[in-house]
Amino acid sequence: MKLTIQAMTYGPDGLARTDEGKAVFVSGGLVGDVVEARVVDDGPSFSRAVVEELLEPSPSRATPPCPFVGVCGGCPWGGLSREAQLAAKEENLRSTLERIGKFSTEEVDGLVRPIRHTKDAWGYRNKVELAPMVAGGKFSLGMHGRDPEQMVRVDACPLFEKKFPRALKGVIGALGYLGNSRDLELERVGIRASRRTGALEVALWTPTGAFPRQQVSRVLGDSLKPSSVVRVMSKGERRARKVAGVEALLGEGSWTEKIGDEEMRLSAPSFFQVNTKAAEILIDLVMEALDPREDEVAVDLYCGAGTFTLPLARRSEYVAAVEAYGPAVRDLRRNLEIARLDNVDVIGGDAVREFPDEDADVLVVDPPRAGLAAESIDLIASTSARDVAYVSCDPATLARDLRRFCDEGTFRPVSATPVDLFPQTFHCETVVHLSRIH
């Protein structure tokens, strides 16, 4: 069927409608395209289709610097202009707040601020991951394709930190050489790089057991001159692998990044935003929403290695920081030592079960994609906090949680600011300021 792509979904596909108004999710279609599409799944409420022929290209199409856009899973919006990407992300947040959060158009207009972003549309990622693959009987490393069963062999990635243009090729060459002479049992390989500190770390994820440590460290050291090479050992069922330990094979054994006024040291298993400069926008928005004062108590839930904890501790009397993931808790303690901050209580455990006893004045939450548990919202409401900053990576769970806050009746959302941490993808962060209803 002939279709005009009307919008981008929160996903890689474009959205079109048939003459009867039925929604069609079109793989390979970008907003503004007129396409000939083939239906591959015709459901009762919507259909899925793939582009067979591009009849009229969208004026919003752009020529990407990577030949694998549309094939590799890393940059599904890589063929779309930056302006069109930003507009689509803002519109996705708006429509999700209306559809899932049940906010009126007028309420959304009052809430949503213009999307914030940095200058770099490419070369911004401080981290990439590679997966093992065998092609033509030879071991190598590649990236997951848009089809998760497909692997794409690459020599470089234009999304990765541009200060280290040859890092991927060096890692792939070195481990390809070793992997063809022995089974390294690699599960994945992470590369982290910082243009600010010059740190370059290679993390090899493997099962526990024997490993050719000296050979791997020597070959990677000669190829890359990295500041750190580590092995992350994991065990357990495939879907629920747990980190059993981290061992330094070469160099510092961790990765260092400067963010805001702080220097943070991170172990390979710990989460850190992949776009450092854009993450500083998140910090600014959180601090602006909370405006912490010297005599106030702050609570940081899902605090990770301390991205918000450190600036909060600089401006508050005391911070209670809660994090369930062991490696991140250890990193946070180390980062507090580096920063010489002693006014933080680090609480290891689940945000609901270990909710701080201290009565907060201000509170920040940065939960995983699943959002907040209903009990978390009740616990937050039970504090005397005047303001809450909610940092979200998923508009659907954010909209659900904001509706829960409104229905609970203690806090109301004042503003919602989308932040483009992930150019060339559909992903977007949002910082919401909630204020106590007096």
# chains A, B, ... in the order shown; residues from 1 in each chain; ligands from 1
$ select_by_dssp --residues "stretch 155-246 of chain A" --states "strand (DSSP E)" --output "list in words"
Arg188, Val189, Gly190, Ile191, Arg192, Ala193, Leu200, Glu201, Val202, Ala203, Leu204, Trp205, Thr206, Pro207, Ser228, Val229, Val230, Arg231, Val232, Met233, Ser234, Lys235, Lys242, Val243, Ala244, Gly245 and Val246 of chain A
$ select_by_dssp --residues "stretch 5-190 of chain A" --states "helix (DSSP H, G or I)" --output "VMD selection string"
chain A and resid 82 to 99 105 to 111 167 to 179
$ write_last_selection --atoms "C-alpha atoms" --output "PDB file, in the first residue's frame"
ATOM      1  CA  ARG A  82      18.579  16.705  13.984  1.00  0.00           C
ATOM      2  CA  GLU A  83      15.738  19.234  13.915  1.00  0.00           C
ATOM      3  CA  ALA A  84      13.219  16.529  12.994  1.00  0.00           C
ATOM      4  CA  GLN A  85      14.605  14.218  15.709  1.00  0.00           C
ATOM      5  CA  LEU A  86      14.259  16.881  18.398  1.00  0.00           C
ATOM      6  CA  ALA A  87      10.725  17.770  17.298  1.00  0.00           C
ATOM      7  CA  ALA A  88       9.710  14.083  17.283  1.00  0.00           C
ATOM      8  CA  LYS A  89      11.098  13.496  20.788  1.00  0.00           C
ATOM      9  CA  GLU A  90       9.258  16.487  22.188  1.00  0.00           C
ATOM     10  CA  GLU A  91       6.055  15.358  20.475  1.00  0.00           C
ATOM     11  CA  ASN A  92       6.481  11.790  21.774  1.00  0.00           C
ATOM     12  CA  LEU A  93       6.649  13.107  25.339  1.00  0.00           C
ATOM     13  CA  ARG A  94       3.588  15.282  24.804  1.00  0.00           C
ATOM     14  CA  SER A  95       1.479  12.535  23.234  1.00  0.00           C
ATOM     15  CA  THR A  96       2.506   9.997  25.911  1.00  0.00           C
ATOM     16  CA  LEU A  97       1.522  12.376  28.723  1.00  0.00           C
ATOM     17  CA  GLU A  98      -1.891  12.766  27.073  1.00  0.00           C
ATOM     18  CA  ARG A  99      -2.423   9.118  26.117  1.00  0.00           C
ATOM     19  CA  THR A 105      -3.656  19.161  25.928  1.00  0.00           C
ATOM     20  CA  GLU A 106      -3.810  22.395  27.940  1.00  0.00           C
ATOM     21  CA  GLU A 107      -2.094  20.736  30.916  1.00  0.00           C
ATOM     22  CA  VAL A 108       0.632  19.310  28.669  1.00  0.00           C
ATOM     23  CA  ASP A 109       1.167  22.733  27.058  1.00  0.00           C
ATOM     24  CA  GLY A 110       1.688  24.166  30.542  1.00  0.00           C
ATOM     25  CA  LEU A 111       4.059  21.384  31.596  1.00  0.00           C
ATOM     26  CA  ALA A 167      39.669   2.453  19.424  1.00  0.00           C
ATOM     27  CA  LEU A 168      37.036   0.082  18.025  1.00  0.00           C
ATOM     28  CA  LYS A 169      39.263  -1.141  15.232  1.00  0.00           C
ATOM     29  CA  GLY A 170      42.119  -1.716  17.709  1.00  0.00           C
ATOM     30  CA  VAL A 171      39.949  -3.740  20.095  1.00  0.00           C
ATOM     31  CA  ILE A 172      38.336  -5.761  17.301  1.00  0.00           C
ATOM     32  CA  GLY A 173      41.719  -6.486  15.699  1.00  0.00           C
ATOM     33  CA  ALA A 174      43.452  -7.462  18.931  1.00  0.00           C
ATOM     34  CA  LEU A 175      40.684  -9.691  20.268  1.00  0.00           C
ATOM     35  CA  GLY A 176      40.005 -11.139  16.809  1.00  0.00           C
ATOM     36  CA  TYR A 177      43.655 -12.179  16.602  1.00  0.00           C
ATOM     37  CA  LEU A 178      43.534 -13.823  20.042  1.00  0.00           C
ATOM     38  CA  GLY A 179      40.053 -15.282  19.615  1.00  0.00           C
TER      39      GLY A 179
END
$ closest_residue --among "A:Leu220, A:Ile259, A:Ala121, A:Ala37" --to "A:Ala279" --atoms "only C-alpha atoms"
A:Ile259
$ closest_residue --among "A:Phe308, A:Trp77, A:Val71, A:Phe405" --to "A:Pro148" --atoms "only C-alpha atoms"
A:Val71
$ closest_atom_pairs --of "stretch 235-326 of chain A" --to "stretch 351-359 of chain A" --cutoff "10 Å" --atoms "only C-alpha atoms" --output "tab-separated table"
residue	atom	partner	partner_atom	distance
A:Glu296	CA	A:Asp359	CA	9.9
A:Val297	CA	A:Asp359	CA	7.4
A:Ala298	CA	A:Asp359	CA	8.6
A:Val299	CA	A:Pro356	CA	7.6
A:Asp300	CA	A:Pro356	CA	9.5
A:Leu301	CA	A:Ala351	CA	6.1
A:Tyr302	CA	A:Ala351	CA	6.8
A:Cys303	CA	A:Ala351	CA	9.7
A:Tyr318	CA	A:Glu358	CA	9.7
A:Val319	CA	A:Glu358	CA	9.2
A:Ala320	CA	A:Pro356	CA	6.6
A:Ala321	CA	A:Pro356	CA	8.3
A:Val322	CA	A:Ala351	CA	6.2
A:Glu323	CA	A:Ala351	CA	6.9
A:Ala324	CA	A:Ala351	CA	7.3
$ write_last_selection --atoms "N, CA and C atoms" --output "JSON list (two decimals), in the first residue's frame"
[["chain", "number", "residue", "atom", "x", "y", "z"],
["A", 296, "GLU", "N", 19.44, 22.05, 54.59],
["A", 296, "GLU", "CA", 18.41, 21.09, 54.21],
["A", 296, "GLU", "C", 18.95, 19.67, 54.03],
["A", 297, "VAL", "N", 18.03, 18.71, 54.16],
["A", 297, "VAL", "CA", 18.34, 17.29, 53.96],
["A", 297, "VAL", "C", 17.82, 16.88, 52.58],
["A", 298, "ALA", "N", 18.67, 16.21, 51.81],
["A", 298, "ALA", "CA", 18.29, 15.73, 50.47],
["A", 298, "ALA", "C", 18.28, 14.20, 50.47],
["A", 299, "VAL", "N", 17.38, 13.62, 49.69],
["A", 299, "VAL", "CA", 17.35, 12.17, 49.48],
["A", 299, "VAL", "C", 17.54, 11.90, 48.00],
["A", 300, "ASP", "N", 18.44, 10.95, 47.67],
["A", 300, "ASP", "CA", 18.72, 10.58, 46.28],
["A", 300, "ASP", "C", 18.43, 9.09, 46.13],
["A", 301, "LEU", "N", 17.31, 8.75, 45.47],
["A", 301, "LEU", "CA", 16.92, 7.36, 45.28],
["A", 301, "LEU", "C", 17.40, 6.87, 43.92],
["A", 302, "TYR", "N", 17.87, 5.61, 43.85],
["A", 302, "TYR", "CA", 18.47, 5.05, 42.64],
["A", 302, "TYR", "C", 19.68, 5.92, 42.25],
["A", 303, "CYS", "N", 20.57, 6.14, 43.22],
["A", 303, "CYS", "CA", 21.60, 7.17, 43.06],
["A", 303, "CYS", "C", 22.79, 6.73, 42.21],
["A", 318, "TYR", "N", 23.01, 17.53, 54.35],
["A", 318, "TYR", "CA", 23.13, 16.08, 54.49],
["A", 318, "TYR", "C", 22.37, 15.41, 53.35],
["A", 319, "VAL", "N", 22.90, 14.30, 52.84],
["A", 319, "VAL", "CA", 22.24, 13.54, 51.77],
["A", 319, "VAL", "C", 22.13, 12.07, 52.17],
["A", 320, "ALA", "N", 20.93, 11.51, 52.02],
["A", 320, "ALA", "CA", 20.74, 10.06, 52.15],
["A", 320, "ALA", "C", 20.63, 9.50, 50.73],
["A", 321, "ALA", "N", 21.58, 8.63, 50.35],
["A", 321, "ALA", "CA", 21.66, 8.13, 48.98],
["A", 321, "ALA", "C", 21.42, 6.62, 48.97],
["A", 322, "VAL", "N", 20.44, 6.17, 48.19],
["A", 322, "VAL", "CA", 20.03, 4.76, 48.18],
["A", 322, "VAL", "C", 20.31, 4.14, 46.81],
["A", 323, "GLU", "N", 20.98, 2.99, 46.81],
["A", 323, "GLU", "CA", 21.30, 2.28, 45.57],
["A", 323, "GLU", "C", 21.37, 0.79, 45.85],
["A", 324, "ALA", "N", 20.73, -0.02, 44.99],
["A", 324, "ALA", "CA", 20.67, -1.47, 45.21],
["A", 324, "ALA", "C", 21.84, -2.23, 44.60]]
$ residues_around --residues "A:Leu336" --least-positions-apart "5" --cutoff "12 Å" --atoms "only C-alpha atoms" --output "JSON, numbers by chain"
{"A": [262, 263, 264, 265, 305, 306, 307, 308, 309, 310, 311, 312, 313, 314, 319, 321, 329, 330, 331, 341, 342, 343, 344, 345, 346]}
$ atom_distance --atom1 "atom CA of A:Glu201" --atom2 "atom CA of A:Tyr325"
20.9 Å
$ atom_distance --atom1 "atom CA of A:Asp401" --atom2 "atom CA of A:Ile437"
16.7 Å
$ residues_around --residues "stretch 54-66 of chain A" --least-positions-apart "2" --cutoff "8 Å" --atoms "only C-alpha atoms" --output "JSON, numbers by chain"
{"A": [30, 31, 32, 33, 34, 35, 36, 51, 52, 68, 69, 78, 79, 80, 81, 84, 157, 158]}
$ write_last_selection --atoms "N, CA, C and O atoms" --output "JSON list (two decimals), in the first residue's frame"
[["chain", "number", "residue", "atom", "x", "y", "z"],
["A", 30, "LEU", "N", 10.59, 7.24, 7.44],
["A", 30, "LEU", "CA", 10.86, 8.41, 8.27],
["A", 30, "LEU", "C", 9.77, 9.45, 8.05],
["A", 30, "LEU", "O", 9.15, 9.51, 6.97],
["A", 31, "VAL", "N", 9.53, 10.28, 9.06],
["A", 31, "VAL", "CA", 8.44, 11.25, 8.99],
["A", 31, "VAL", "C", 8.58, 12.13, 7.73],
["A", 31, "VAL", "O", 9.64, 12.66, 7.44],
["A", 32, "GLY", "N", 7.49, 12.23, 6.98],
["A", 32, "GLY", "CA", 7.49, 12.99, 5.73],
["A", 32, "GLY", "C", 7.69, 12.16, 4.49],
["A", 32, "GLY", "O", 7.44, 12.61, 3.37],
["A", 33, "ASP", "N", 8.14, 10.89, 4.64],
["A", 33, "ASP", "CA", 8.32, 10.00, 3.49],
["A", 33, "ASP", "C", 6.97, 9.59, 2.90],
["A", 33, "ASP", "O", 5.99, 9.39, 3.64],
["A", 34, "VAL", "N", 6.93, 9.44, 1.58],
["A", 34, "VAL", "CA", 5.83, 8.74, 0.92],
["A", 34, "VAL", "C", 6.42, 7.42, 0.41],
["A", 34, "VAL", "O", 7.41, 7.42, -0.33],
["A", 35, "VAL", "N", 5.83, 6.30, 0.85],
["A", 35, "VAL", "CA", 6.44, 5.00, 0.57],
["A", 35, "VAL", "C", 5.42, 4.01, 0.02],
["A", 35, "VAL", "O", 4.22, 4.15, 0.22],
["A", 36, "GLU", "N", 5.97, 3.03, -0.69],
["A", 36, "GLU", "CA", 5.21, 1.82, -1.01],
["A", 36, "GLU", "C", 5.63, 0.80, 0.04],
["A", 36, "GLU", "O", 6.81, 0.49, 0.18],
["A", 51, "VAL", "N", 9.08, -0.91, 4.33],
["A", 51, "VAL", "CA", 9.18, -0.12, 3.10],
["A", 51, "VAL", "C", 9.72, -0.98, 1.97],
["A", 51, "VAL", "O", 10.77, -1.60, 2.11],
["A", 52, "GLU", "N", 8.97, -1.03, 0.87],
["A", 52, "GLU", "CA", 9.44, -1.73, -0.33],
["A", 52, "GLU", "C", 10.10, -0.73, -1.29],
["A", 52, "GLU", "O", 11.07, -1.06, -1.96],
["A", 68, "PHE", "N", 25.87, 1.88, 7.96],
["A", 68, "PHE", "CA", 25.05, 0.83, 8.58],
["A", 68, "PHE", "C", 23.77, 1.34, 9.23],
["A", 68, "PHE", "O", 23.07, 0.60, 9.91],
["A", 69, "VAL", "N", 23.48, 2.64, 9.04],
["A", 69, "VAL", "CA", 22.22, 3.18, 9.57],
["A", 69, "VAL", "C", 21.05, 2.42, 8.94],
["A", 69, "VAL", "O", 21.00, 2.23, 7.72],
["A", 78, "GLY", "N", 19.19, 7.59, 12.44],
["A", 78, "GLY", "CA", 20.37, 8.22, 11.85],
["A", 78, "GLY", "C", 20.13, 8.89, 10.51],
["A", 78, "GLY", "O", 20.91, 9.75, 10.11],
["A", 79, "GLY", "N", 19.06, 8.52, 9.80],
["A", 79, "GLY", "CA", 18.77, 9.13, 8.51],
["A", 79, "GLY", "C", 17.87, 10.35, 8.60],
["A", 79, "GLY", "O", 17.44, 10.90, 7.57],
["A", 80, "LEU", "N", 17.58, 10.79, 9.84],
["A", 80, "LEU", "CA", 16.65, 11.90, 10.06],
["A", 80, "LEU", "C", 17.44, 13.13, 10.52],
["A", 80, "LEU", "O", 18.38, 13.01, 11.30],
["A", 81, "SER", "N", 17.05, 14.32, 10.05],
["A", 81, "SER", "CA", 17.75, 15.53, 10.45],
["A", 81, "SER", "C", 17.63, 15.74, 11.96],
["A", 81, "SER", "O", 16.68, 15.29, 12.59],
["A", 84, "ALA", "N", 14.38, 17.43, 13.02],
["A", 84, "ALA", "CA", 13.22, 16.53, 12.99],
["A", 84, "ALA", "C", 13.27, 15.56, 14.17],
["A", 84, "ALA", "O", 12.22, 15.22, 14.76],
["A", 157, "CYS", "N", 32.63, 3.45, 14.71],
["A", 157, "CYS", "CA", 31.26, 3.85, 15.00],
["A", 157, "CYS", "C", 31.22, 5.37, 15.16],
["A", 157, "CYS", "O", 31.83, 5.90, 16.10],
["A", 158, "PRO", "N", 30.53, 6.08, 14.26],
["A", 158, "PRO", "CA", 30.49, 7.55, 14.35],
["A", 158, "PRO", "C", 29.79, 8.07, 15.60],
["A", 158, "PRO", "O", 29.90, 9.25, 15.91]]
$ closest_residue --among "A:Met233, A:Leu379, A:Val432, A:Val362" --to "A:Gly209" --atoms "only C-alpha atoms"
A:Met233
$ residues_around --residues "A:Val419" --least-positions-apart "5" --cutoff "10 Å" --atoms "only C-alpha atoms" --output "list in words"
Leu86, Lys89, Glu90, Arg113, Pro114, Ile115, Arg116, His117, Thr118, Ala278, Ala279, Ile281, Leu282, Leu285, Cys393, His427, Cys428, Glu429, Thr430 and Val431 of chain A
$ residues_around --residues "stretch 386-388 of chain A" --least-positions-apart "5" --cutoff "8 Å" --atoms "only C-alpha atoms" --output "list in words"
Ala289, Leu290, Asp361, Val362, Leu363, Val364, Val365, His433, Leu434, Ser435 and Arg436 of chain A
$ write_last_selection --atoms "N, CA, C and O atoms" --output "CSV table (one decimal), in the first residue's frame"
chain,number,residue,atom,x,y,z
A,289,ALA,N,15.4,22.6,39.8
A,289,ALA,CA,14.1,22.2,40.4
A,289,ALA,C,14.2,22.1,41.9
A,289,ALA,O,13.2,22.6,42.6
A,290,LEU,N,15.3,21.6,42.5
A,290,LEU,CA,15.3,21.4,43.9
A,290,LEU,C,15.8,22.6,44.7
A,290,LEU,O,15.4,22.8,45.8
A,361,ASP,N,13.9,17.3,52.8
A,361,ASP,CA,13.4,18.6,52.3
A,361,ASP,C,13.3,18.6,50.8
A,361,ASP,O,12.4,19.2,50.2
A,362,VAL,N,14.3,18.0,50.1
A,362,VAL,CA,14.2,17.8,48.7
A,362,VAL,C,14.6,16.4,48.3
A,362,VAL,O,15.3,15.7,49.1
A,363,LEU,N,14.1,15.9,47.2
A,363,LEU,CA,14.3,14.5,46.8
A,363,LEU,C,14.4,14.3,45.3
A,363,LEU,O,13.7,15.0,44.6
A,364,VAL,N,15.4,13.5,44.9
A,364,VAL,CA,15.5,13.2,43.5
A,364,VAL,C,15.4,11.7,43.3
A,364,VAL,O,15.9,10.9,44.1
A,365,VAL,N,14.7,11.3,42.2
A,365,VAL,CA,14.6,9.9,41.9
A,365,VAL,C,15.0,9.7,40.4
A,365,VAL,O,14.6,10.5,39.6
A,433,HIS,N,9.9,18.4,37.4
A,433,HIS,CA,9.9,19.1,38.7
A,433,HIS,C,8.5,18.9,39.3
A,433,HIS,O,7.5,19.4,38.7
A,434,LEU,N,8.4,18.3,40.4
A,434,LEU,CA,7.2,18.2,41.2
A,434,LEU,C,7.3,19.0,42.4
A,434,LEU,O,8.3,19.0,43.1
A,435,SER,N,6.2,19.7,42.7
A,435,SER,CA,6.2,20.6,43.9
A,435,SER,C,5.0,20.2,44.8
A,435,SER,O,4.0,19.8,44.3
A,436,ARG,N,5.3,20.4,46.1
A,436,ARG,CA,4.2,20.0,47.1
A,436,ARG,C,3.0,20.9,47.0
A,436,ARG,O,3.2,22.2,46.8
$ closest_residue --among "A:Asn275, A:Thr383, A:Thr9, A:Thr206" --to "A:Gly190" --atoms "only C-alpha atoms"
A:Thr206
$ closest_atom_pairs --of "stretch 219-321 of chain A" --to "stretch 128-135 of chain A" --cutoff "12 Å" --atoms "only C-alpha atoms" --output "JSON lines"
{"residue": "A:Ala268", "atom": "CA", "partner": "A:Glu129", "partner_atom": "CA", "distance": 11.6}
{"residue": "A:Gln273", "atom": "CA", "partner": "A:Val128", "partner_atom": "CA", "distance": 11.7}
{"residue": "A:Val274", "atom": "CA", "partner": "A:Val128", "partner_atom": "CA", "distance": 8.5}
{"residue": "A:Asn275", "atom": "CA", "partner": "A:Val128", "partner_atom": "CA", "distance": 11.2}
$ closest_residue --among "A:Thr4, A:Ser47, A:Ser392, A:Ser228" --to "A:Val286" --atoms "only C-alpha atoms"
A:Ser392
$ residues_around --residues "A:Ser45" --least-positions-apart "3" --cutoff "10 Å" --atoms "only C-alpha atoms" --output "ChimeraX atom specification"
/A:22-24,42
$ closest_residue --among "A:Lys225, A:Arg182, A:Arg188, A:His144" --to "A:Phe164" --atoms "only C-alpha atoms"
A:Lys225
